[in-house]
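**Q** To be precise about what I am sending: the file is called input.txt and holds compact mmCIF, C-alpha atoms.
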# COMPACT_ATOMS: atom_id res chain seq x y z
CA MET A 1 -8.22 13.29 11.01
CA SER A 2 -9.11 15.25 7.86
CA ALA A 3 -7.40 14.73 4.50
CA ALA A 4 -6.10 18.30 4.70
CA SER A 5 -4.27 17.52 7.95
CA GLU A 6 -2.79 14.25 6.69
CA PHE A 7 0.59 14.51 4.98
CA ALA A 8 2.56 11.39 4.11
CA ILE A 9 6.01 10.59 2.78
CA TYR A 10 6.74 7.46 0.75
CA VAL A 11 10.35 6.27 0.32
CA HIS A 12 10.92 3.67 -2.39
CA TRP A 13 13.82 1.22 -2.12
CA PRO A 14 13.80 -0.57 -5.48
CA PHE A 15 16.07 -3.54 -4.80
CA CYS A 16 15.23 -7.17 -4.05
CA LYS A 17 17.35 -10.31 -3.77
CA SER A 18 15.07 -11.94 -6.35
CA LYS A 19 11.98 -11.01 -8.33
CA CYS A 20 8.77 -12.74 -7.25
CA PRO A 21 6.87 -14.14 -10.24
CA TYR A 22 3.59 -12.38 -9.35
CA CYS A 23 5.15 -8.95 -8.69
CA ASP A 24 4.64 -6.00 -11.03
CA PHE A 25 6.12 -3.41 -8.66
CA ASN A 26 9.18 -1.37 -9.57
CA SER A 27 11.69 -3.82 -8.09
CA HIS A 28 15.08 -4.84 -9.41
CA VAL A 29 17.85 -7.31 -8.63
CA ARG A 30 21.39 -5.94 -8.51
CA ALA A 31 24.59 -7.76 -7.58
CA GLN A 32 26.04 -4.68 -5.86
CA ILE A 33 24.55 -1.49 -4.44
CA ASP A 34 26.51 1.57 -3.38
CA GLU A 35 24.37 2.40 -0.37
CA ASP A 36 26.26 5.61 0.40
CA ARG A 37 25.25 6.97 -3.03
CA TRP A 38 21.67 5.89 -2.56
CA ARG A 39 21.44 7.43 0.88
CA ALA A 40 22.73 10.78 -0.40
CA ALA A 41 20.34 10.72 -3.38
CA LEU A 42 17.30 10.01 -1.22
CA LEU A 43 18.25 12.84 1.13
CA ALA A 44 18.61 15.23 -1.81
CA ASP A 45 15.19 14.23 -3.13
CA LEU A 46 13.64 14.86 0.28
CA ASP A 47 15.27 18.30 0.41
CA HIS A 48 13.77 19.12 -2.99
CA TYR A 49 10.21 18.43 -1.87
CA ALA A 50 10.66 19.96 1.57
CA ALA A 51 11.36 23.33 -0.04
CA GLU A 52 7.79 23.54 -1.39
CA THR A 53 5.89 21.90 1.48
CA THR A 54 7.37 23.87 4.36
CA GLY A 55 5.42 23.62 7.58
CA ARG A 56 3.35 20.56 6.67
CA ALA A 57 3.27 18.16 9.64
CA VAL A 58 4.19 14.62 8.59
CA THR A 59 1.62 12.11 9.84
CA SER A 60 3.09 8.97 8.25
CA ILE A 61 6.25 7.68 6.59
CA PHE A 62 6.38 4.45 4.61
CA PHE A 63 9.46 2.61 3.36
CA GLY A 64 8.25 0.45 0.45
CA GLY A 65 9.79 -1.42 -2.41
CA GLY A 66 11.37 -3.56 -3.50
CA THR A 67 12.60 -4.82 -0.15
CA PRO A 68 13.34 -1.96 2.26
CA SER A 69 14.50 -4.40 4.93
CA LEU A 70 17.60 -4.89 2.76
CA MET A 71 18.56 -1.29 3.58
CA SER A 72 20.96 -0.76 6.42
CA ALA A 73 19.61 0.69 9.66
CA PRO A 74 21.95 3.73 9.33
CA THR A 75 20.35 4.56 5.96
CA VAL A 76 16.87 4.31 7.45
CA ALA A 77 17.97 6.49 10.36
CA ALA A 78 19.50 9.07 8.01
CA VAL A 79 16.28 9.33 6.01
CA LEU A 80 14.17 9.70 9.15
CA ASP A 81 16.56 12.28 10.60
CA ARG A 82 16.40 14.35 7.39
CA ILE A 83 12.59 14.21 7.36
CA ALA A 84 12.53 15.40 10.98
CA GLN A 85 14.91 18.23 10.09
CA ARG A 86 12.85 19.40 7.11
CA TRP A 87 9.27 18.94 8.38
CA PRO A 88 7.54 18.96 11.78
CA LEU A 89 6.44 15.46 12.80
CA ASP A 90 2.98 14.73 14.12
CA PRO A 91 3.30 13.40 17.71
CA ALA A 92 1.62 10.16 16.59
CA VAL A 93 3.58 9.80 13.34
CA GLU A 94 3.41 6.26 11.93
CA ILE A 95 6.69 4.99 10.44
CA THR A 96 6.31 1.72 8.54
CA LEU A 97 8.96 -0.43 6.91
CA GLU A 98 8.13 -3.35 4.61
CA ALA A 99 10.17 -6.46 5.29
CA ASN A 100 10.60 -10.00 4.10
CA PRO A 101 10.45 -12.60 6.89
CA THR A 102 13.80 -14.21 6.22
CA SER A 103 16.03 -14.91 9.19
CA VAL A 104 18.70 -12.49 7.88
CA GLU A 105 16.27 -9.59 7.62
CA ALA A 106 14.56 -10.38 10.93
CA GLU A 107 17.93 -9.92 12.63
CA ARG A 108 17.77 -6.25 11.62
CA PHE A 109 14.31 -5.52 13.10
CA ARG A 110 15.55 -4.22 16.44
CA ASP A 111 18.08 -1.97 14.66
CA PHE A 112 15.27 -0.58 12.51
CA ARG A 113 13.26 0.08 15.66
CA ALA A 114 16.22 1.92 17.17
CA ALA A 115 16.42 3.98 13.97
CA GLY A 116 12.84 5.16 14.51
CA VAL A 117 10.60 2.65 12.72
CA ASN A 118 7.50 1.93 14.80
CA ARG A 119 5.52 -0.34 12.48
CA ALA A 120 6.56 -3.32 10.34
CA SER A 121 4.70 -4.87 7.41
CA LEU A 122 5.90 -8.40 6.64
CA GLY A 123 5.43 -10.08 3.27
CA VAL A 124 4.63 -13.56 4.61
CA GLN A 125 2.19 -14.33 1.73
CA ALA A 126 1.46 -17.94 2.79
CA LEU A 127 1.89 -20.31 5.72
CA ASP A 128 2.38 -23.37 3.53
CA ASP A 129 5.82 -24.29 2.20
CA ALA A 130 4.56 -25.55 -1.16
CA ALA A 131 2.63 -22.34 -1.68
CA LEU A 132 5.65 -20.25 -0.71
CA LYS A 133 7.77 -22.10 -3.25
CA PHE A 134 5.14 -21.53 -5.95
CA LEU A 135 5.05 -17.82 -5.09
CA GLY A 136 8.83 -17.59 -5.41
CA ARG A 137 9.39 -16.52 -1.82
CA ALA A 138 12.85 -16.79 -0.26
CA HIS A 139 11.55 -17.90 3.14
CA ASP A 140 9.76 -20.99 4.40
CA SER A 141 6.93 -21.15 6.92
CA ARG A 142 9.33 -21.79 9.82
CA GLU A 143 11.25 -18.59 9.05
CA ALA A 144 8.00 -16.67 8.70
CA LEU A 145 6.79 -17.77 12.12
CA ALA A 146 10.13 -16.85 13.70
CA ALA A 147 10.17 -13.44 11.99
CA LEU A 148 6.66 -12.67 13.22
CA GLU A 149 7.77 -13.34 16.78
CA VAL A 150 10.75 -11.02 16.36
CA ALA A 151 8.47 -8.34 14.86
CA ARG A 152 6.06 -8.69 17.76
CA GLY A 153 8.90 -8.05 20.20
CA SER A 154 10.51 -5.26 18.18
CA PHE A 155 7.69 -2.96 17.06
CA ALA A 156 4.72 -1.34 18.71
CA ARG A 157 2.63 -2.30 15.69
CA PHE A 158 3.08 -4.92 13.00
CA SER A 159 1.13 -6.48 10.16
CA PHE A 160 1.65 -9.19 7.60
CA ASP A 161 0.33 -10.06 4.14
CA LEU A 162 -1.27 -13.21 2.81
CA ILE A 163 -2.18 -14.14 -0.77
CA TYR A 164 -5.18 -16.35 -1.50
CA ALA A 165 -6.92 -17.79 -4.59
CA ARG A 166 -3.75 -19.74 -5.34
CA PRO A 167 -3.87 -22.68 -7.77
CA GLY A 168 -5.66 -25.66 -6.25
CA GLN A 169 -6.64 -23.77 -3.10
CA THR A 170 -9.89 -24.89 -1.51
CA VAL A 171 -12.19 -23.00 0.83
CA ALA A 172 -11.51 -25.54 3.59
CA GLY A 173 -7.76 -25.24 3.14
CA TRP A 174 -7.95 -21.46 3.21
CA GLU A 175 -10.10 -21.49 6.35
CA ALA A 176 -7.44 -23.56 8.09
CA GLU A 177 -4.70 -21.18 6.95
CA LEU A 178 -6.70 -18.18 8.17
CA GLU A 179 -7.04 -19.81 11.58
CA ARG A 180 -3.27 -20.17 11.79
CA ALA A 181 -2.84 -16.56 10.66
CA LEU A 182 -5.25 -15.26 13.29
CA ALA A 183 -3.24 -16.98 16.01
CA LEU A 184 -0.19 -15.00 14.83
CA ALA A 185 -1.75 -11.69 13.87
CA GLY A 186 -1.56 -8.50 15.86
CA GLU A 187 -4.07 -5.77 15.13
CA HIS A 188 -3.72 -5.67 11.33
CA LEU A 189 -3.76 -8.21 8.51
CA SER A 190 -3.60 -7.64 4.73
CA VAL A 191 -5.14 -10.33 2.53
CA TYR A 192 -4.81 -10.09 -1.25
CA GLN A 193 -6.35 -12.16 -4.01
CA LEU A 194 -3.76 -13.50 -6.46
CA THR A 195 -4.10 -11.76 -9.80
CA ILE A 196 -2.08 -12.24 -12.98
CA GLU A 197 -0.41 -8.94 -13.81
CA PRO A 198 0.88 -8.22 -17.35
CA GLY A 199 4.63 -8.44 -17.77
CA THR A 200 5.22 -10.73 -14.79
CA ALA A 201 6.68 -14.23 -14.88
CA PHE A 202 3.25 -15.54 -13.79
CA ALA A 203 1.63 -13.88 -16.82
CA ALA A 204 3.83 -15.89 -19.18
CA ALA A 205 3.42 -19.12 -17.19
CA HIS A 206 -0.35 -18.70 -16.97
CA ALA A 207 -0.57 -18.04 -20.71
CA ARG A 208 1.36 -21.25 -21.36
CA GLY A 209 -1.11 -23.17 -19.20
CA ASP A 210 1.46 -24.01 -16.52
CA PHE A 211 -1.15 -23.38 -13.82
CA ALA A 212 -4.77 -22.32 -13.44
CA LEU A 213 -6.37 -20.09 -10.83
CA PRO A 214 -9.52 -21.19 -8.97
CA ASP A 215 -12.73 -20.58 -10.92
CA GLU A 216 -14.80 -17.44 -10.30
CA GLU A 217 -17.23 -19.16 -7.95
CA THR A 218 -14.41 -20.49 -5.78
CA GLN A 219 -12.69 -17.09 -5.79
CA ALA A 220 -15.92 -15.47 -4.60
CA GLN A 221 -16.27 -18.07 -1.85
CA LEU A 222 -12.67 -17.49 -0.75
CA TYR A 223 -13.29 -13.73 -0.60
CA GLU A 224 -16.54 -14.12 1.37
CA THR A 225 -14.89 -16.58 3.76
CA THR A 226 -12.06 -14.10 4.35
CA GLN A 227 -14.43 -11.23 5.10
CA ALA A 228 -16.63 -13.24 7.45
CA ARG A 229 -13.86 -14.96 9.40
CA LEU A 230 -11.76 -11.84 9.94
CA ALA A 231 -14.79 -9.76 10.91
CA ALA A 232 -15.70 -12.41 13.48
CA ALA A 233 -12.16 -12.09 14.88
CA ASN A 234 -12.63 -8.32 15.32
CA LEU A 235 -10.46 -7.61 12.27
CA PRO A 236 -13.09 -6.13 9.94
CA ALA A 237 -12.20 -4.96 6.47
CA TYR A 238 -11.62 -1.21 6.52
CA GLU A 239 -10.50 -1.47 2.89
CA ILE A 240 -10.99 -4.17 0.26
CA SER A 241 -7.83 -6.10 1.17
CA ASN A 242 -6.96 -4.70 4.58
CA HIS A 243 -8.34 -5.70 7.96
CA ALA A 244 -7.73 -4.16 11.36
CA ARG A 245 -9.11 -3.77 14.82
CA PRO A 246 -10.87 -0.39 15.01
CA GLY A 247 -8.21 2.27 15.55
CA ALA A 248 -5.35 0.08 14.26
CA GLU A 249 -5.76 0.84 10.56
CA CYS A 250 -2.59 1.63 8.58
CA ARG A 251 -2.50 5.43 8.76
CA HIS A 252 -0.24 5.75 5.76
CA ASN A 253 -2.51 3.84 3.41
CA LEU A 254 -5.53 5.70 4.77
CA ALA A 255 -3.84 8.91 3.63
CA TYR A 256 -3.65 7.52 0.07
CA TRP A 257 -7.23 6.30 0.01
CA ARG A 258 -8.51 9.57 1.46
CA SER A 259 -6.70 11.51 -1.31
CA ALA A 260 -4.45 13.33 1.15
CA ASP A 261 -1.19 14.93 0.02
CA TYR A 262 1.94 12.79 -0.07
CA VAL A 263 5.52 13.08 -1.26
CA GLY A 264 7.05 10.15 -3.12
CA VAL A 265 10.84 9.80 -3.36
CA GLY A 266 12.94 7.07 -4.92
CA PRO A 267 12.73 5.34 -8.34
CA GLY A 268 9.23 5.22 -9.80
CA ALA A 269 7.59 6.79 -6.75
CA HIS A 270 4.43 8.82 -7.32
CA GLY A 271 3.25 11.79 -5.29
CA ARG A 272 0.20 14.05 -4.97
CA LEU A 273 0.52 17.61 -3.67
CA THR A 274 -1.91 20.49 -3.36
CA LEU A 275 0.02 23.65 -4.25
CA ASP A 276 -1.51 27.08 -4.86
CA GLY A 277 -4.95 25.48 -5.02
CA ALA A 278 -4.00 22.96 -7.74
CA ARG A 279 -3.67 19.20 -7.43
CA ILE A 280 -0.19 18.25 -8.64
CA ALA A 281 0.86 14.74 -9.67
CA THR A 282 4.57 13.92 -9.46
CA ARG A 283 6.35 10.87 -10.79
CA GLN A 284 9.96 9.85 -10.32
CA LEU A 285 12.16 8.30 -12.99
CA ARG A 286 11.60 4.54 -12.89
CA ALA A 287 14.95 2.90 -13.66
CA PRO A 288 17.24 2.92 -10.59
CA GLU A 289 20.38 3.96 -12.44
CA THR A 290 18.57 6.74 -14.33
CA TRP A 291 16.93 7.99 -11.14
CA ILE A 292 20.11 8.17 -9.06
CA ALA A 293 22.00 9.91 -11.87
CA ALA A 294 19.26 12.56 -12.07
CA ALA A 295 19.14 12.98 -8.29
CA GLU A 296 22.90 13.53 -8.19
CA ARG A 297 22.83 15.90 -11.17
CA GLN A 298 19.82 18.08 -10.34
CA GLY A 299 18.95 17.33 -6.71
CA HIS A 300 15.85 15.25 -7.45
CA GLY A 301 14.76 12.31 -9.57
CA SER A 302 11.43 13.67 -10.78
CA GLU A 303 10.38 12.77 -14.32
CA GLU A 304 6.92 14.31 -14.47
CA ARG A 305 5.02 17.07 -12.71
CA VAL A 306 1.55 17.89 -14.00
CA VAL A 307 -1.68 19.46 -12.81
CA VAL A 308 -4.39 16.82 -12.40
CA PRO A 309 -7.45 17.93 -14.43
CA PRO A 310 -10.77 17.96 -12.49
CA PRO A 311 -12.22 14.89 -14.29
CA GLU A 312 -9.12 12.84 -13.45
CA HIS A 313 -9.11 14.15 -9.88
CA LEU A 314 -12.74 13.08 -9.51
CA GLU A 315 -11.88 9.61 -10.81
CA GLU A 316 -8.95 9.31 -8.40
CA VAL A 317 -11.00 10.38 -5.39
CA LEU A 318 -13.74 7.87 -6.23
CA MET A 319 -11.38 5.04 -7.17
CA MET A 320 -9.43 5.37 -3.93
CA GLY A 321 -12.16 6.43 -1.51
CA LEU A 322 -14.71 3.79 -2.46
CA ARG A 323 -12.20 1.09 -1.55
CA LEU A 324 -12.70 2.12 2.07
CA ALA A 325 -15.54 0.80 4.20
CA GLU A 326 -15.99 4.37 5.48
CA GLY A 327 -16.34 5.62 1.90
CA ILE A 328 -15.83 9.30 1.05
CA SER A 329 -17.13 11.94 3.42
CA ARG A 330 -19.03 14.88 1.97
CA ILE A 331 -16.60 17.24 3.71
CA ARG A 332 -13.53 15.58 2.11
CA PHE A 333 -15.20 15.40 -1.28
CA ARG A 334 -16.12 19.08 -1.28
CA ALA A 335 -12.66 20.07 -0.01
CA ALA A 336 -11.01 18.07 -2.81
CA LEU A 337 -13.29 18.96 -5.71
CA GLY A 338 -15.28 22.01 -4.65
CA GLN A 339 -18.56 20.23 -5.35
CA GLN A 340 -21.09 17.93 -3.77
CA PHE A 341 -21.66 14.38 -5.01
CA GLU A 342 -24.99 15.37 -6.55
CA THR A 343 -23.42 17.98 -8.85
CA ALA A 344 -20.17 16.14 -9.63
CA LEU A 345 -21.74 12.81 -10.62
CA ASP A 346 -24.34 11.73 -13.14
CA ALA A 347 -27.58 11.56 -11.14
CA LYS A 348 -29.13 8.72 -13.15
CA ARG A 349 -26.08 6.46 -12.95
CA LEU A 350 -25.72 7.17 -9.24
CA ALA A 351 -29.40 6.39 -8.61
CA VAL A 352 -29.19 3.04 -10.42
CA LEU A 353 -26.15 1.93 -8.41
CA ILE A 354 -27.86 2.95 -5.16
CA GLU A 355 -31.06 1.14 -6.13
CA ASP A 356 -29.09 -2.00 -7.04
CA ASP A 357 -27.41 -1.87 -3.58
CA PHE A 358 -23.88 -1.24 -4.80
CA LEU A 359 -23.58 2.29 -3.35
CA ILE A 360 -24.94 4.17 -0.35
CA LEU A 361 -25.37 7.97 -0.33
CA ASP A 362 -26.53 9.75 2.80
CA ASP A 363 -26.04 13.15 4.42
CA GLN A 364 -22.53 12.15 5.60
CA HIS A 365 -20.84 10.15 2.86
CA LEU A 366 -20.84 8.10 -0.32
CA ALA A 367 -19.75 4.49 0.23
CA ALA A 368 -19.73 1.19 -1.60
CA THR A 369 -21.67 -1.64 -0.04
CA GLU A 370 -19.92 -4.95 0.55
CA ALA A 371 -21.27 -6.14 -2.80
CA GLY A 372 -20.07 -2.91 -4.41
CA ARG A 373 -16.54 -3.22 -3.05
CA GLN A 374 -16.36 -6.79 -4.33
CA ARG A 375 -17.13 -5.45 -7.84
CA LEU A 376 -15.56 -2.02 -7.53
CA ASN A 377 -14.07 -1.83 -11.02
CA ALA A 378 -17.46 -2.51 -12.57
CA VAL A 379 -19.15 -0.05 -10.17
CA LEU A 380 -16.69 2.70 -11.09
CA THR A 381 -17.18 2.04 -14.81
CA ALA A 382 -20.94 2.26 -14.38
CA LEU A 383 -20.65 5.42 -12.29
CA LEU A 384 -18.20 7.31 -14.49
CA GLY A 385 -19.14 5.92 -17.89
Could you render the structure as structure tokens?
**A**
Amino acid sequence: MSAASEFAIYVHWPFCKSKCPYCDFNSHVRAQIDEDRWRAALLADLDHYAAETTGRAVTSIFFGGGTPSLMSAPTVAAVLDRIAQRWPLDPAVEITLEANPTSVEAERFRDFRAAGVNRASLGVQALDDAALKFLGRAHDSREALAALEVARGSFARFSFDLIYARPGQTVAGWEAELERALALAGEHLSVYQLTIEPGTAFAAAHARGDFALPDEETQAQLYETTQARLAAANLPAYEISNHARPGAECRHNLAYWRSADYVGVGPGAHGRLTLDGARIATRQLRAPETWIAAAERQGHGSEERVVVPPPEHLEEVLMMGLRLAEGISRIRFRAALGQQFETALDAKRLAVLIEDDFLILDDQHLAATEAGRQRLNAVLTALLG
């Protein structure tokens, strides 16, 4: 599927029951939520973007957050119904909902499936109770295992997340946890390295010396162990942190990484649209109360709408596309930027990175090698200057 034919919609539900200490996403805890108001505001925001993207066939829909599994099934159904009314749906449209694996939320899975969701992404994060407590998760390993079984029986496709490089984690301990995960996994598994993000509770605790992450050598060993073990299980990495059996990749995230167009609705959501030949970046108001007030007042919650200058567009295409094992096809690159790699990039910098085995350039695509993806930030800095 080409980037031009991919068209995604992201729906952000900003509310959580509690804020995880590692999380820097736009998520908020509220004692009460008027879901009728939120449903109406989301529908209005969808109407706003539908007016300028008429006829685009939706290939994927993603409910992210926050914790979308705290939404009611009728709200999910209303959003999906409005999308179907405003846009044609691709026959193979992927509809994903992020969920926490608590017993309360797992009880809603079948209702979400009846509403139209066909893929679930569960934030398991660890299969060890001590690790879950450290990560601030509301579930224990028993609940996670039960929720995965419910997901398996409720959705055609499901995935779950794990976080590694936790304090005190050893390679042997992680190998054992991966083995347990593989026994539970379907066709997709997301595995993220724990990082300390500014402004999070972990950032303050780490600065105080409350905990230490594994050293760089151990982190590298954990990453290499992850890649090797999941590849051996026929779940190769199609992106730095995402593994799937061939053909089972998350279609929605592929649309992002391939620089396809997508609409983003809900507080803080970003979007990218190609309109009248220009690449447009949209950004929604971040604070929930500010966003919903704007959506009710003017029919949308957009804060910013700007044309992406060619240098920034180039950086985005490279930053996203080189995360993928498939890299960036010449056809997609030329369609996005109107140039070939050889004219858009500095030839000397590109040659050095190819010679040092961080990048591959052939007649089909530009891709990062495994070593390049492991050091992608440094590779991009070297490539772009």
**Q** When you count all atoms listed in the file, which of these residues is closest to Leu46 (chain A): A:His300, A:Arg245, A:His188, A:Arg166?
**A**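 Distance minimum relative to Leu46 (chain A) lands on A:His300.
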**Q** So that each row is one residue of region 165-282 of chain A with an atom at most 9 Å from region 22-39 of chain A, can you give its shortest atom pair and the distance in Å to one decimal, using all atoms listed in the file, rows by chain and rising number, as a Markdown table?
**A**
| residue | atom | partner | partner_atom | distance |
| --- | --- | --- | --- | --- |
| A:Leu194 | CA | A:Tyr22 | CA | 8.0 |
| A:Thr195 | CA | A:Tyr22 | CA | 7.7 |
| A:Ile196 | CA | A:Tyr22 | CA | 6.7 |
| A:Glu197 | CA | A:Asp24 | CA | 6.5 |
| A:Pro198 | CA | A:Asp24 | CA | 7.7 |
| A:Gly199 | CA | A:Asp24 | CA | 7.2 |
| A:Thr200 | CA | A:Tyr22 | CA | 5.9 |
| A:Ala201 | CA | A:Tyr22 | CA | 6.6 |
| A:Phe202 | CA | A:Tyr22 | CA | 5.5 |
| A:Ala203 | CA | A:Tyr22 | CA | 7.9 |
| A:Pro267 | CA | A:Asn26 | CA | 7.7 |
| A:Gly268 | CA | A:Asn26 | CA | 6.6 |
| A:Ala269 | CA | A:Asn26 | CA | 8.8 |
**Q** Rounded to one decimal, what separation in Å do you get between CA of Ser72 (chain A) and CA of Ser121 (chain A)?
**A** 16.8 Å
**Q** What lies within 7 Å of Leu162 (chain A) using only C-alpha atoms, ignoring chain neighbours under 6 positions off, as an MDAnalysis selection string?
**A** chainID A and resid 124:126 190:192
**Q** Name all residues at most 12 Å from Thr274 (chain A) (count all atoms listed in the file; drop same-chain ones fewer than 3 positions away) and give them as an NGL selection string.
**A** :A and (3-7 or 52-53 or 56 or 259-263 or 271 or 277-282 or 306-308 or 313 or 335-337)
**Q** Counting only C-alpha atoms, write as a PyMOL selection string all protein and nucleic acid residues lying at most 12 Å from (15.6, 9.2, 7.7) in the file's frame.
**A** chain A and resi 9-11+39-40+42-47+61-63+71-87+95-97+112+114-117
**Q** Which protein, DNA or RNA residues are at most 12 Å from (-0.2, -23.6, -7.1) in the file's coordinates when you count all atoms listed in the file, listed as a list in words?
**A** Ala126, Asp128, Asp129, Ala130, Ala131, Leu132, Lys133, Phe134, Leu135, Gly136, Ile163, Tyr164, Ala165, Arg166, Pro167, Gly168, Gln169, Thr170, Leu194, Phe202, Ala205, His206, Asp210, Phe211, Ala212, Leu213 and Pro214 of chain A
**Q** Using only C-alpha atoms, which protein or nucleic acid residues come within 6 Å of Glu303 (chain A)? Drop anything in the same chain fewer than 5 positions from it, and give the result as a PyMOL selection string.
**A** chain A and resi 283-285
**Q** How many Å lie between CA of Gln219 (chain A) and CA of Ser241 (chain A), rounded to one decimal?
**A** 13.9 Å
**Q** Distance CA of Ala207 (chain A)-CA of Pro21 (chain A), one decimal place?
**A**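 Result for CA of Ala207 (chain A) versus CA of Pro21 (chain A): 13.4 Å, one decimal.
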**Q** When distances are computed from only C-alpha atoms, which of A:Arg108, A:Arg142, A:Arg157, A:Arg258 shows the smallest separation from Ala120 (chain A)?
**A**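 With only C-alpha atoms as the atom set, the closest residue is A:Arg157.
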**Q** Go through A:Tyr49, A:Phe109, A:Phe158, A:Trp13 and flag the residue nearest Gly66 (chain A), using all atoms listed in the file for the distances.
**A**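 The closest residue to Gly66 (chain A) is A:Trp13.
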**Q** Could you tell me which of A:Leu235, A:Val379, A:Ala325, A:Gly301 comes closest to Ala287 (chain A) if we count only C-alpha atoms?
**A**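 Closest residue, counting only C-alpha atoms: A:Gly301.
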**Q** Which centre and edge lengths in Å to one decimal define the box along x, y and z that fits every listed atom of region 203-207 of chain A plus 8 Å per side, as AutoDock Vina command-line options?
**A**
--center_x 1.6 --center_y -16.5 --center_z -18.8 --size_x 20.4 --size_y 21.2 --size_z 19.9
**Q** For Gly266 (chain A), which residue out of A:Thr343, A:Ser159, A:Thr59, A:Ser302 is the nearest one, using all atoms listed in the file?
**A**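 Of all the options, A:Ser302 lies closest to Gly266 (chain A).
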**Q** Out of A:Glu316, A:Arg334, A:Tyr223, A:Ile328, which residue has the shortest atom-to-atom distance to Ala371 (chain A) when counting only C-alpha atoms?
**A** A:Tyr223
**Q** Taking the block just given, write region 334-359 of chain A to a file that holds C-alpha atoms, as a JSON list (two decimals), in the first residue's frame.
**A**
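What follows is the written file part01.json:
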[["chain", "number", "residue", "atom", "x", "y", "z"],
["A", 334, "ARG", "CA", 9.95, 11.34, -4.40],
["A", 335, "ALA", "CA", 6.17, 11.56, -3.93],
["A", 336, "ALA", "CA", 6.64, 13.31, -0.57],
["A", 337, "LEU", "CA", 9.50, 15.65, -1.43],
["A", 338, "GLY", "CA", 9.70, 15.80, -5.22],
["A", 339, "GLN", "CA", 13.35, 14.76, -5.15],
["A", 340, "GLN", "CA", 15.57, 11.71, -5.08],
["A", 341, "PHE", "CA", 17.76, 10.87, -2.08],
["A", 342, "GLU", "CA", 20.89, 11.89, -4.00],
["A", 343, "THR", "CA", 19.68, 15.46, -4.56],
["A", 344, "ALA", "CA", 17.90, 15.97, -1.22],
["A", 345, "LEU", "CA", 20.75, 14.79, 1.02],
["A", 346, "ASP", "CA", 24.37, 15.78, 1.47],
["A", 347, "ALA", "CA", 26.30, 13.27, -0.66],
["A", 348, "LYS", "CA", 29.41, 13.20, 1.54],
["A", 349, "ARG", "CA", 27.51, 12.62, 4.78],
["A", 350, "LEU", "CA", 25.40, 9.94, 3.15],
["A", 351, "ALA", "CA", 28.48, 8.18, 1.76],
["A", 352, "VAL", "CA", 30.19, 8.10, 5.16],
["A", 353, "LEU", "CA", 27.14, 6.57, 6.87],
["A", 354, "ILE", "CA", 26.86, 3.95, 4.12],
["A", 355, "GLU", "CA", 30.57, 3.14, 4.33],
["A", 356, "ASP", "CA", 30.35, 2.81, 8.12],
["A", 357, "ASP", "CA", 27.42, 0.36, 7.68],
["A", 358, "PHE", "CA", 24.76, 2.51, 9.32],
["A", 359, "LEU", "CA", 22.71, 3.09, 6.14]]
